[in-house]
$ cat coords00.json   # JSON, C-alpha atoms
[["chain", "number", "residue", "atom", "x", "y", "z"],
["X", 1, "MET", "CA", 0.00, 0.00, 0.00],
["X", 2, "THR", "CA", 1.53, 3.30, -1.09],
["X", 3, "VAL", "CA", 1.26, 6.02, 1.56],
["X", 4, "LEU", "CA", 1.53, 9.75, 0.88],
["X", 5, "VAL", "CA", 3.19, 11.63, 3.74],
["X", 6, "THR", "CA", 2.75, 15.40, 3.63],
["X", 7, "GLY", "CA", 5.21, 17.52, 5.56],
["X", 8, "ALA", "CA", 7.59, 14.63, 4.95],
["X", 9, "ALA", "CA", 10.76, 16.62, 5.69],
["X", 10, "GLY", "CA", 9.52, 17.66, 9.13],
["X", 11, "PHE", "CA", 10.11, 15.97, 12.48],
["X", 12, "VAL", "CA", 7.12, 13.64, 12.63],
["X", 13, "GLY", "CA", 7.02, 13.26, 8.85],
["X", 14, "LEU", "CA", 10.58, 11.93, 8.66],
["X", 15, "ASN", "CA", 9.84, 9.36, 11.35],
["X", 16, "VAL", "CA", 6.73, 8.19, 9.50],
["X", 17, "VAL", "CA", 8.64, 7.94, 6.21],
["X", 18, "GLU", "CA", 11.45, 5.98, 7.85],
["X", 19, "HIS", "CA", 8.98, 3.61, 9.55],
["X", 20, "LEU", "CA", 7.28, 2.84, 6.24],
["X", 21, "LEU", "CA", 10.52, 2.44, 4.28],
["X", 22, "ARG", "CA", 11.96, 0.18, 6.94],
["X", 23, "ALA", "CA", 8.89, -2.04, 6.47],
["X", 24, "GLY", "CA", 9.62, -2.22, 2.73],
["X", 25, "ARG", "CA", 6.70, -0.06, 1.67],
["X", 26, "PRO", "CA", 6.40, 2.48, -1.15],
["X", 27, "VAL", "CA", 6.12, 6.09, 0.07],
["X", 28, "VAL", "CA", 5.42, 9.40, -1.62],
["X", 29, "GLY", "CA", 6.84, 12.34, 0.34],
["X", 30, "LEU", "CA", 5.57, 15.89, -0.20],
["X", 31, "ASP", "CA", 7.21, 18.95, 1.36],
["X", 32, "ARG", "CA", 8.13, 22.48, 0.40],
["X", 33, "ILE", "CA", 11.62, 21.95, 1.87],
["X", 34, "ASP", "CA", 14.06, 19.35, 0.60],
["X", 35, "LEU", "CA", 14.77, 16.04, 2.24],
["X", 36, "PRO", "CA", 17.72, 16.54, 4.63],
["X", 37, "ALA", "CA", 20.97, 15.01, 3.38],
["X", 38, "ARG", "CA", 21.27, 12.72, 6.42],
["X", 39, "ALA", "CA", 17.76, 11.41, 5.85],
["X", 40, "ARG", "CA", 18.46, 10.88, 2.16],
["X", 41, "ARG", "CA", 21.49, 8.73, 2.98],
["X", 42, "CYS", "CA", 19.65, 6.78, 5.66],
["X", 43, "PHE", "CA", 16.53, 6.15, 3.58],
["X", 44, "ALA", "CA", 18.49, 5.08, 0.49],
["X", 45, "VAL", "CA", 19.55, 1.80, 2.14],
["X", 46, "LEU", "CA", 16.10, 0.88, 3.47],
["X", 47, "PRO", "CA", 14.02, -1.70, 1.59],
["X", 48, "GLY", "CA", 11.09, 0.59, 0.78],
["X", 49, "ARG", "CA", 10.91, 3.00, -2.16],
["X", 50, "LEU", "CA", 10.61, 6.77, -1.64],
["X", 51, "THR", "CA", 9.30, 9.12, -4.34],
["X", 52, "TRP", "CA", 9.91, 12.75, -3.40],
["X", 53, "ILE", "CA", 7.72, 15.66, -4.52],
["X", 54, "GLY", "CA", 8.93, 19.17, -3.81],
["X", 55, "GLY", "CA", 5.78, 21.16, -3.24],
["X", 56, "SER", "CA", 3.21, 22.64, -0.90],
["X", 57, "VAL", "CA", -0.08, 21.41, 0.54],
["X", 58, "LEU", "CA", -1.44, 24.83, -0.43],
["X", 59, "SER", "CA", -0.87, 24.07, -4.12],
["X", 60, "ALA", "CA", -3.58, 22.08, -5.91],
["X", 61, "SER", "CA", -1.14, 21.06, -8.64],
["X", 62, "ASP", "CA", 1.46, 19.84, -6.12],
["X", 63, "LEU", "CA", -1.15, 17.78, -4.29],
["X", 64, "SER", "CA", -2.38, 16.35, -7.60],
["X", 65, "ARG", "CA", 1.16, 15.31, -8.57],
["X", 66, "ALA", "CA", 1.72, 13.67, -5.20],
["X", 67, "LEU", "CA", -1.54, 11.73, -5.39],
["X", 68, "THR", "CA", -1.16, 10.56, -8.98],
["X", 69, "ILE", "CA", 2.54, 9.68, -9.26],
["X", 70, "ALA", "CA", 1.71, 6.33, -7.60],
["X", 71, "PRO", "CA", -1.51, 4.54, -6.54],
["X", 72, "VAL", "CA", -1.88, 6.12, -3.09],
["X", 73, "GLN", "CA", -4.13, 4.25, -0.69],
["X", 74, "ALA", "CA", -3.58, 6.35, 2.46],
["X", 75, "VAL", "CA", -2.43, 9.84, 3.40],
["X", 76, "ILE", "CA", -0.70, 10.71, 6.68],
["X", 77, "HIS", "CA", -0.91, 14.49, 6.84],
["X", 78, "CYS", "CA", 2.09, 15.75, 8.82],
["X", 79, "ALA", "CA", 2.34, 19.21, 7.22],
["X", 80, "VAL", "CA", 1.98, 21.81, 9.99],
["X", 81, "ILE", "CA", 3.48, 24.94, 11.51],
["X", 82, "THR", "CA", 4.13, 24.33, 15.21],
["X", 83, "ALA", "CA", 3.97, 27.97, 16.19],
["X", 84, "GLY", "CA", 5.12, 29.73, 19.32],
["X", 85, "SER", "CA", 3.71, 33.01, 20.60],
["X", 86, "ALA", "CA", 6.17, 35.18, 18.64],
["X", 87, "ARG", "CA", 5.05, 33.67, 15.32],
["X", 88, "GLU", "CA", 1.42, 33.98, 16.42],
["X", 89, "ARG", "CA", 1.91, 37.73, 16.63],
["X", 90, "ARG", "CA", 3.99, 37.94, 13.46],
["X", 91, "ASP", "CA", 2.15, 35.66, 11.04],
["X", 92, "PRO", "CA", -1.26, 34.37, 12.18],
["X", 93, "GLU", "CA", -2.48, 34.21, 8.59],
["X", 94, "GLY", "CA", 0.38, 31.91, 7.56],
["X", 95, "ILE", "CA", -0.22, 29.57, 10.50],
["X", 96, "VAL", "CA", -3.92, 29.25, 9.74],
["X", 97, "ALA", "CA", -3.27, 28.85, 6.01],
["X", 98, "VAL", "CA", -0.91, 25.89, 6.41],
["X", 99, "ASN", "CA", -2.54, 24.28, 9.44],
["X", 100, "VAL", "CA", -6.18, 24.56, 8.41],
["X", 101, "GLN", "CA", -6.42, 25.37, 4.70],
["X", 102, "GLY", "CA", -3.58, 22.95, 3.92],
["X", 103, "ALA", "CA", -5.27, 20.11, 5.79],
["X", 104, "VAL", "CA", -8.61, 20.84, 4.14],
["X", 105, "ALA", "CA", -7.00, 20.95, 0.69],
["X", 106, "ALA", "CA", -5.09, 17.71, 1.26],
["X", 107, "LEU", "CA", -8.14, 15.79, 2.46],
["X", 108, "ALA", "CA", -10.33, 17.10, -0.36],
["X", 109, "ALA", "CA", -7.71, 16.16, -2.96],
["X", 110, "ALA", "CA", -7.32, 12.69, -1.44],
["X", 111, "ALA", "CA", -11.08, 12.14, -1.43],
["X", 112, "ARG", "CA", -11.34, 13.14, -5.09],
["X", 113, "ARG", "CA", -8.65, 10.57, -5.94],
["X", 114, "GLY", "CA", -10.43, 7.75, -4.09],
["X", 115, "VAL", "CA", -7.84, 7.37, -1.32],
["X", 116, "GLY", "CA", -8.98, 4.94, 1.35],
["X", 117, "ARG", "CA", -7.93, 6.72, 4.56],
["X", 118, "PHE", "CA", -6.68, 10.09, 5.73],
["X", 119, "VAL", "CA", -4.77, 10.17, 9.04],
["X", 120, "TYR", "CA", -4.45, 13.53, 10.73],
["X", 121, "PRO", "CA", -1.87, 14.06, 13.50],
["X", 122, "SER", "CA", -3.59, 16.37, 15.97],
["X", 123, "SER", "CA", -2.13, 17.34, 19.34],
["X", 124, "VAL", "CA", -2.48, 17.18, 23.10],
["X", 125, "ALA", "CA", -2.61, 20.98, 22.76],
["X", 126, "VAL", "CA", -6.33, 20.70, 21.94],
["X", 127, "TYR", "CA", -6.98, 19.84, 25.61],
["X", 128, "GLY", "CA", -5.25, 23.00, 26.74],
["X", 129, "ALA", "CA", -6.08, 24.19, 30.23],
["X", 130, "ALA", "CA", -8.76, 21.51, 30.67],
["X", 131, "ALA", "CA", -6.00, 18.91, 31.17],
["X", 132, "ARG", "CA", -4.39, 20.76, 34.09],
["X", 133, "GLY", "CA", -4.00, 18.36, 36.99],
["X", 134, "VAL", "CA", -6.02, 15.59, 35.30],
["X", 135, "PRO", "CA", -4.35, 12.23, 36.14],
["X", 136, "LEU", "CA", -5.49, 10.42, 32.97],
["X", 137, "VAL", "CA", -6.51, 12.43, 29.91],
["X", 138, "GLY", "CA", -9.24, 10.62, 27.97],
["X", 139, "GLU", "CA", -10.57, 11.64, 24.55],
["X", 140, "ASP", "CA", -14.18, 11.82, 25.73],
["X", 141, "GLU", "CA", -13.62, 12.57, 29.39],
["X", 142, "VAL", "CA", -11.59, 15.80, 29.12],
["X", 143, "PRO", "CA", -13.05, 18.75, 27.17],
["X", 144, "THR", "CA", -11.07, 20.67, 24.56],
["X", 145, "GLN", "CA", -9.85, 24.10, 25.67],
["X", 146, "PRO", "CA", -6.86, 25.02, 23.49],
["X", 147, "VAL", "CA", -5.10, 28.25, 24.34],
["X", 148, "MET", "CA", -2.57, 28.99, 21.61],
["X", 149, "LEU", "CA", -3.18, 29.29, 17.89],
["X", 150, "TYR", "CA", -1.46, 25.97, 17.17],
["X", 151, "GLY", "CA", -3.91, 24.05, 19.37],
["X", 152, "LEU", "CA", -6.83, 26.07, 18.04],
["X", 153, "THR", "CA", -5.96, 25.16, 14.45],
["X", 154, "LYS", "CA", -5.67, 21.50, 15.42],
["X", 155, "LEU", "CA", -9.12, 21.60, 17.02],
["X", 156, "ALA", "CA", -10.52, 23.40, 13.96],
["X", 157, "CYS", "CA", -9.30, 20.53, 11.77],
["X", 158, "GLU", "CA", -10.69, 17.93, 14.16],
["X", 159, "THR", "CA", -14.05, 19.66, 13.65],
["X", 160, "LEU", "CA", -13.90, 20.20, 9.89],
["X", 161, "LEU", "CA", -12.15, 17.13, 8.53],
["X", 162, "PRO", "CA", -14.44, 14.35, 9.80],
["X", 163, "ARG", "CA", -17.44, 15.93, 8.07],
["X", 164, "MET", "CA", -15.47, 16.48, 4.88],
["X", 165, "ALA", "CA", -14.31, 12.86, 4.99],
["X", 166, "GLU", "CA", -17.85, 11.60, 5.48],
["X", 167, "VAL", "CA", -19.13, 13.61, 2.54],
["X", 168, "GLY", "CA", -16.13, 12.68, 0.40],
["X", 169, "GLY", "CA", -16.32, 8.97, 1.18],
["X", 170, "ILE", "CA", -12.84, 8.68, 2.68],
["X", 171, "GLY", "CA", -11.94, 7.05, 5.98],
["X", 172, "PHE", "CA", -10.62, 9.47, 8.60],
["X", 173, "ALA", "CA", -8.76, 9.29, 11.89],
["X", 174, "ALA", "CA", -7.14, 11.99, 14.02],
["X", 175, "ALA", "CA", -4.42, 11.17, 16.54],
["X", 176, "ARG", "CA", -3.89, 13.58, 19.42],
["X", 177, "LEU", "CA", -0.14, 13.33, 19.87],
["X", 178, "ALA", "CA", 1.50, 13.71, 23.25],
["X", 179, "SER", "CA", 4.70, 15.79, 23.49],
["X", 180, "VAL", "CA", 6.96, 14.18, 20.88],
["X", 181, "TYR", "CA", 10.75, 13.82, 21.07],
["X", 182, "GLY", "CA", 13.34, 11.67, 19.37],
["X", 183, "PRO", "CA", 15.14, 11.06, 16.07],
["X", 184, "TRP", "CA", 14.92, 13.58, 13.21],
["X", 185, "GLU", "CA", 13.91, 16.52, 15.40],
["X", 186, "TYR", "CA", 15.55, 19.66, 14.07],
["X", 187, "ALA", "CA", 14.76, 23.31, 13.44],
["X", 188, "THR", "CA", 12.90, 23.22, 10.12],
["X", 189, "GLY", "CA", 11.66, 26.80, 10.25],
["X", 190, "ALA", "CA", 8.13, 25.49, 10.75],
["X", 191, "ARG", "CA", 8.72, 24.26, 14.30],
["X", 192, "ASP", "CA", 9.18, 26.89, 17.03],
["X", 193, "THR", "CA", 8.93, 24.68, 20.13],
["X", 194, "LEU", "CA", 11.78, 22.17, 20.08],
["X", 195, "SER", "CA", 11.65, 19.57, 22.84],
["X", 196, "PRO", "CA", 13.64, 19.83, 26.08],
["X", 197, "MET", "CA", 14.81, 16.29, 25.34],
["X", 198, "LEU", "CA", 16.71, 17.49, 22.27],
["X", 199, "ALA", "CA", 18.33, 20.32, 24.22],
["X", 200, "ALA", "CA", 19.31, 18.08, 27.14],
["X", 201, "LEU", "CA", 20.76, 15.48, 24.76],
["X", 202, "HIS", "CA", 22.86, 18.21, 23.15],
["X", 203, "HIS", "CA", 24.30, 19.22, 26.53],
["X", 204, "ALA", "CA", 24.91, 15.61, 27.58],
["X", 205, "ARG", "CA", 26.89, 14.90, 24.41],
["X", 206, "LYS", "CA", 28.83, 18.18, 24.54],
["X", 207, "GLY", "CA", 29.71, 17.84, 28.22],
["X", 208, "THR", "CA", 27.90, 21.02, 29.24],
["X", 209, "GLU", "CA", 25.36, 21.47, 31.99],
["X", 210, "ALA", "CA", 21.65, 21.38, 31.20],
["X", 211, "VAL", "CA", 19.79, 24.11, 33.08],
["X", 212, "LEU", "CA", 16.07, 23.29, 33.09],
["X", 213, "SER", "CA", 13.11, 25.60, 33.19],
["X", 214, "THR", "CA", 10.43, 24.52, 35.64],
["X", 215, "PRO", "CA", 9.54, 21.15, 34.11],
["X", 216, "GLY", "CA", 5.86, 20.33, 33.96],
["X", 217, "LEU", "CA", 4.71, 16.75, 34.14],
["X", 218, "GLY", "CA", 3.04, 15.33, 31.07],
["X", 219, "ASP", "CA", 2.97, 12.54, 28.52],
["X", 220, "PHE", "CA", 6.18, 12.54, 26.47],
["X", 221, "VAL", "CA", 6.20, 10.04, 23.61],
["X", 222, "TYR", "CA", 9.15, 8.81, 21.57],
["X", 223, "ALA", "CA", 8.98, 9.62, 17.87],
["X", 224, "ARG", "CA", 9.36, 5.99, 16.81],
["X", 225, "ASP", "CA", 6.22, 5.12, 18.79],
["X", 226, "VAL", "CA", 4.37, 8.03, 17.18],
["X", 227, "SER", "CA", 5.21, 6.83, 13.67],
["X", 228, "ALA", "CA", 4.11, 3.29, 14.56],
["X", 229, "GLY", "CA", 0.80, 4.59, 15.89],
["X", 230, "LEU", "CA", 0.06, 6.77, 12.87],
["X", 231, "VAL", "CA", 0.83, 3.95, 10.45],
["X", 232, "ALA", "CA", -1.34, 1.59, 12.52],
["X", 233, "LEU", "CA", -4.25, 4.00, 12.07],
["X", 234, "ALA", "CA", -3.63, 4.11, 8.31],
["X", 235, "ASP", "CA", -3.54, 0.31, 8.10],
["X", 236, "ALA", "CA", -6.36, -0.68, 10.45],
["X", 237, "PRO", "CA", -9.15, -2.39, 8.47],
["X", 238, "ALA", "CA", -11.83, -0.72, 10.60],
["X", 239, "LEU", "CA", -11.94, 1.97, 13.25],
["X", 240, "SER", "CA", -14.62, 2.56, 15.87],
["X", 241, "ARG", "CA", -14.10, 6.32, 16.20],
["X", 242, "THR", "CA", -12.39, 9.31, 14.56],
["X", 243, "ILE", "CA", -10.39, 10.76, 17.48],
["X", 244, "TYR", "CA", -7.64, 8.87, 19.32],
["X", 245, "ASN", "CA", -4.95, 9.74, 21.83],
["X", 246, "LEU", "CA", -1.45, 8.69, 20.80],
["X", 247, "GLY", "CA", 1.15, 8.84, 23.55],
["X", 248, "SER", "CA", 3.30, 6.81, 25.87],
["X", 249, "GLY", "CA", 0.52, 6.29, 28.39],
["X", 250, "GLN", "CA", 3.00, 7.34, 31.09],
["X", 251, "VAL", "CA", 3.79, 10.55, 32.96],
["X", 252, "GLY", "CA", 7.26, 12.00, 32.52],
["X", 253, "SER", "CA", 9.18, 15.27, 32.48],
["X", 254, "ALA", "CA", 12.43, 16.83, 31.34],
["X", 255, "GLU", "CA", 13.86, 15.91, 34.74],
["X", 256, "HIS", "CA", 13.00, 12.24, 34.19],
["X", 257, "TRP", "CA", 14.73, 12.45, 30.81],
["X", 258, "CYS", "CA", 17.86, 14.03, 32.28],
["X", 259, "ALA", "CA", 17.99, 11.33, 34.93],
["X", 260, "ALA", "CA", 17.82, 8.68, 32.19],
["X", 261, "LEU", "CA", 20.63, 10.40, 30.25],
["X", 262, "ALA", "CA", 22.77, 10.69, 33.38],
["X", 263, "GLY", "CA", 22.67, 6.92, 33.72],
["X", 264, "LEU", "CA", 24.10, 6.57, 30.21],
["X", 265, "VAL", "CA", 26.46, 9.55, 29.85],
["X", 266, "PRO", "CA", 29.12, 9.66, 32.58],
["X", 267, "GLY", "CA", 29.59, 13.14, 33.99],
["X", 268, "PHE", "CA", 26.39, 14.62, 32.56],
["X", 269, "ARG", "CA", 25.20, 17.42, 34.85],
["X", 270, "TRP", "CA", 21.76, 18.97, 35.02],
["X", 271, "ARG", "CA", 19.73, 21.09, 37.41],
["X", 272, "ARG", "CA", 16.76, 23.40, 37.59],
["X", 273, "ALA", "CA", 17.37, 27.06, 36.84],
["X", 274, "ALA", "CA", 17.62, 29.32, 39.88],
["X", 275, "GLU", "CA", 15.08, 32.11, 40.28],
["X", 276, "GLY", "CA", 15.77, 34.74, 37.64],
["X", 277, "GLU", "CA", 18.29, 32.54, 35.81],
["X", 278, "ASN", "CA", 17.90, 31.83, 32.10],
["X", 279, "ALA", "CA", 17.38, 28.14, 31.34],
["X", 280, "ASN", "CA", 19.02, 26.47, 28.34],
["X", 281, "THR", "CA", 16.61, 23.51, 28.33],
["X", 282, "ILE", "CA", 13.03, 24.71, 28.01],
["X", 283, "SER", "CA", 9.95, 22.64, 28.79],
["X", 284, "HIS", "CA", 6.85, 23.73, 26.91],
["X", 285, "VAL", "CA", 4.46, 21.96, 29.28],
["X", 286, "ALA", "CA", 3.22, 24.98, 31.24],
["X", 287, "PHE", "CA", 1.50, 22.96, 33.96],
["X", 288, "ASP", "CA", 1.25, 19.41, 35.25],
["X", 289, "ARG", "CA", -1.06, 17.07, 33.38],
["X", 290, "GLY", "CA", -1.43, 13.32, 33.41],
["X", 291, "ALA", "CA", -0.75, 10.65, 30.83],
["X", 292, "LEU", "CA", -2.87, 10.29, 27.74],
["X", 293, "ASP", "CA", -5.35, 7.42, 27.89],
["X", 294, "ILE", "CA", -4.31, 5.29, 24.90],
["X", 295, "ARG", "CA", -6.62, 2.33, 25.50],
["X", 296, "ARG", "CA", -8.95, 3.12, 22.60],
["X", 297, "LEU", "CA", -6.08, 3.29, 20.12],
["X", 298, "ALA", "CA", -4.68, 0.03, 21.49],
["X", 299, "ALA", "CA", -8.04, -1.72, 21.18],
["X", 300, "ASP", "CA", -8.63, -0.64, 17.57],
["X", 301, "THR", "CA", -5.11, -0.96, 16.15],
["X", 302, "GLY", "CA", -3.03, -3.06, 18.54],
["X", 303, "TYR", "CA", -0.78, -0.06, 19.25],
["X", 304, "ALA", "CA", 1.56, -0.44, 22.21],
["X", 305, "PRO", "CA", 4.47, 1.92, 22.98],
["X", 306, "ALA", "CA", 7.78, 0.12, 22.46],
["X", 307, "PHE", "CA", 9.96, 2.61, 24.36],
["X", 308, "THR", "CA", 10.13, 3.62, 27.97],
["X", 309, "MET", "CA", 11.96, 6.89, 28.57],
["X", 310, "ALA", "CA", 15.10, 4.98, 29.59],
["X", 311, "GLN", "CA", 14.94, 2.84, 26.44],
["X", 312, "ALA", "CA", 14.34, 5.95, 24.35],
["X", 313, "ALA", "CA", 17.41, 7.62, 25.86],
["X", 314, "ALA", "CA", 19.62, 4.68, 24.88],
["X", 315, "ASP", "CA", 18.14, 4.49, 21.38],
["X", 316, "TYR", "CA", 18.37, 8.25, 20.79],
["X", 317, "LEU", "CA", 22.00, 8.39, 21.93],
["X", 318, "ALA", "CA", 22.87, 5.51, 19.59],
["X", 319, "TRP", "CA", 21.01, 7.17, 16.73],
["X", 320, "LYS", "CA", 22.86, 10.44, 17.24],
["X", 321, "ALA", "CA", 26.24, 8.69, 17.50],
["X", 322, "ALA", "CA", 25.63, 6.80, 14.24],
["X", 323, "ARG", "CA", 25.08, 10.08, 12.38],
["X", 324, "ASP", "CA", 28.06, 12.05, 13.68]]

$ encode --input "coords00.json" --output "structure tokens"
Amino acid sequence: MTVLVTGAAGFVGLNVVEHLLRAGRPVVGLDRIDLPARARRCFAVLPGRLTWIGGSVLSASDLSRALTIAPVQAVIHCAVITAGSARERRDPEGIVAVNVQGAVAALAAAARRGVGRFVYPSSVAVYGAAARGVPLVGEDEVPTQPVMLYGLTKLACETLLPRMAEVGGIGFAAARLASVYGPWEYATGARDTLSPMLAALHHARKGTEAVLSTPGLGDFVYARDVSAGLVALADAPALSRTIYNLGSGQVGSAEHWCAALAGLVPGFRWRRAAEGENANTISHVAFDRGALDIRRLAADTGYAPAFTMAQAAADYLAWKAARD
């Protein structure tokens, strides 16, 4: 089954592409930026076949090329701007265009081409303040109260796309991703909020001290588990609902991550920033929230996270070392 991955040069997109290629599957990748050189070298030796389309989800002709160059049976729509507050002030129109209009255009184009399923990576950000202090965040049990424009655009797509899919005769599933970290995370220009895990790993490998902002508790999920979950949604023969949580199912923090790294990197030092001190490892979880309830995704697809935070630390370190 050929899968089209939009936003294929981004963080989550690269992980999805690698997962599919490693399984020997044909993939069409669409992105306005080029495939990074490291990814090109890595993907070239995998058993699957990648066809790359340089283009935008806001271009009807680019979407048409991506959907007709091979017989696409599923789309995993990873194209998104993960915007921070500075970009919200500077370019709200661009955020909404890519995040909402791009998703709408991609689903409509896929439906017209008879694609079987459209998988939309949403975000834990749609829960917003409603998840504060909640020990287990369930899809139906916790209301949606997004705060920032990124979460608001994700919720807008969760509202629009299921109806469009129903009318267009295409299967649809949205996965509310927990806070993602892991291989292929880099500053693409479309991602303003890089994970504290990436920053801490940088300091551990360079021998410098990681100084943490106040780390909120939350569900942090390894990128390899995210790609497995998204592909499982694309492949599932039948789904009982349209909205799923996709996370680790566990509570963690940047401090937990640093503790895991310290057990693997001799001499790695980390601490919380003192009052008034600038941190060099920033957590974007503004308050404590519990783990995502992933039981519905597990029941419908067989998804099970393969990585604890300690296992992810070992895998991520090895991945980084292999690409130095």

$ atom_distance --input "coords00.json" --atom1 "CA of Ile33 (chain X)" --atom2 "CA of Trp184 (chain X)"
14.5 Å

$ closest_atom_pairs --input "coords00.json" --of "region 202-252 of chain X" --to "region 281-294 of chain X" --cutoff "7 Å" --atoms "only C-alpha atoms" --output "Markdown table"
| residue | atom | partner | partner_atom | distance |
| --- | --- | --- | --- | --- |
| X:Ala210 | CA | X:Thr281 | CA | 6.2 |
| X:Val211 | CA | X:Thr281 | CA | 5.7 |
| X:Leu212 | CA | X:Thr281 | CA | 4.8 |
| X:Ser213 | CA | X:Ile282 | CA | 5.3 |
| X:Pro215 | CA | X:Ser283 | CA | 5.5 |
| X:Gly216 | CA | X:Asp288 | CA | 4.9 |
| X:Leu217 | CA | X:Asp288 | CA | 4.5 |
| X:Gly218 | CA | X:Arg289 | CA | 5.0 |
| X:Asp219 | CA | X:Ala291 | CA | 4.8 |
| X:Asn245 | CA | X:Ile294 | CA | 5.4 |
| X:Leu246 | CA | X:Ile294 | CA | 6.0 |
| X:Gly247 | CA | X:Leu292 | CA | 6.0 |
| X:Gly249 | CA | X:Ala291 | CA | 5.2 |
| X:Gln250 | CA | X:Ala291 | CA | 5.0 |
| X:Val251 | CA | X:Ala291 | CA | 5.0 |

$ closest_residue --input "coords00.json" --among "X:Val115, X:Ala322, X:Leu20, X:Leu67" --to "Leu46 (chain X)" --atoms "all atoms listed in the file"
X:Leu20

$ closest_residue --input "coords00.json" --among "X:Asn99, X:Ala70, X:Ala314, X:Glu18" --to "Trp257 (chain X)" --atoms "all atoms listed in the file"
X:Ala314

$ closest_residue --input "coords00.json" --among "X:Glu141, X:Glu255, X:Glu275, X:Asp225" --to "Gln311 (chain X)" --atoms "only C-alpha atoms"
X:Asp225

$ closest_atom_pairs --input "coords00.json" --of "region 70-92 of chain X" --to "region 159-171 of chain X" --cutoff "12 Å" --atoms "all atoms listed in the file" --output "tab-separated table"
residue	atom	partner	partner_atom	distance
X:Gln73	CA	X:Ile170	CA	10.3
X:Ala74	CA	X:Gly171	CA	9.1
X:Val75	CA	X:Gly171	CA	10.2
X:Ile76	CA	X:Gly171	CA	11.8
X:His77	CA	X:Leu161	CA	11.7

$ residues_near_point --input "coords00.json" --point "(6.4, 10.0, 17.6)" --cutoff "9 Å" --atoms "only C-alpha atoms" --output "PyMOL selection string"
chain X and resi 11-12+15-16+177-183+221-230+246-247

$ decode --input "coords00.json" --residues "region 16-20 of chain X" --atoms "all heavy atoms" --output "PDB file, in the first residue's frame"
ATOM      1  N   VAL X  16       7.733   9.003  10.181  1.00  0.00           N
ATOM      2  CA  VAL X  16       6.734   8.187   9.495  1.00  0.00           C
ATOM      3  C   VAL X  16       7.318   7.599   8.210  1.00  0.00           C
ATOM      4  O   VAL X  16       7.147   6.412   7.920  1.00  0.00           O
ATOM      5  CB  VAL X  16       5.465   9.014   9.196  1.00  0.00           C
ATOM      6  CG1 VAL X  16       4.500   8.220   8.319  1.00  0.00           C
ATOM      7  CG2 VAL X  16       4.776   9.427  10.495  1.00  0.00           C
ATOM      8  N   VAL X  17       8.019   8.427   7.439  1.00  0.00           N
ATOM      9  CA  VAL X  17       8.637   7.943   6.208  1.00  0.00           C
ATOM     10  C   VAL X  17       9.620   6.820   6.513  1.00  0.00           C
ATOM     11  O   VAL X  17       9.612   5.763   5.859  1.00  0.00           O
ATOM     12  CB  VAL X  17       9.342   9.098   5.467  1.00  0.00           C
ATOM     13  CG1 VAL X  17      10.191   8.557   4.306  1.00  0.00           C
ATOM     14  CG2 VAL X  17       8.321  10.098   4.935  1.00  0.00           C
ATOM     15  N   GLU X  18      10.477   7.014   7.509  1.00  0.00           N
ATOM     16  CA  GLU X  18      11.452   5.976   7.852  1.00  0.00           C
ATOM     17  C   GLU X  18      10.762   4.683   8.277  1.00  0.00           C
ATOM     18  O   GLU X  18      11.168   3.584   7.877  1.00  0.00           O
ATOM     19  CB  GLU X  18      12.371   6.454   8.965  1.00  0.00           C
ATOM     20  CG  GLU X  18      13.430   5.425   9.329  1.00  0.00           C
ATOM     21  CD  GLU X  18      14.367   5.885  10.429  1.00  0.00           C
ATOM     22  OE1 GLU X  18      13.991   6.765  11.225  1.00  0.00           O
ATOM     23  OE2 GLU X  18      15.489   5.332  10.506  1.00  0.00           O
ATOM     24  N   HIS X  19       9.710   4.798   9.092  1.00  0.00           N
ATOM     25  CA  HIS X  19       8.976   3.613   9.547  1.00  0.00           C
ATOM     26  C   HIS X  19       8.434   2.819   8.359  1.00  0.00           C
ATOM     27  O   HIS X  19       8.562   1.586   8.305  1.00  0.00           O
ATOM     28  CB  HIS X  19       7.836   4.040  10.457  1.00  0.00           C
ATOM     29  CG  HIS X  19       7.030   2.914  11.016  1.00  0.00           C
ATOM     30  ND1 HIS X  19       7.254   2.377  12.268  1.00  0.00           N
ATOM     31  CD2 HIS X  19       6.000   2.203  10.494  1.00  0.00           C
ATOM     32  CE1 HIS X  19       6.402   1.394  12.486  1.00  0.00           C
ATOM     33  NE2 HIS X  19       5.630   1.269  11.422  1.00  0.00           N
ATOM     34  N   LEU X  20       7.854   3.504   7.406  1.00  0.00           N
ATOM     35  CA  LEU X  20       7.280   2.842   6.241  1.00  0.00           C
ATOM     36  C   LEU X  20       8.358   2.220   5.359  1.00  0.00           C
ATOM     37  O   LEU X  20       8.229   1.084   4.893  1.00  0.00           O
ATOM     38  CB  LEU X  20       6.451   3.845   5.438  1.00  0.00           C
ATOM     39  CG  LEU X  20       5.159   4.319   6.103  1.00  0.00           C
ATOM     40  CD1 LEU X  20       4.644   5.591   5.433  1.00  0.00           C
ATOM     41  CD2 LEU X  20       4.090   3.229   6.047  1.00  0.00           C
TER      42      LEU X  20
END
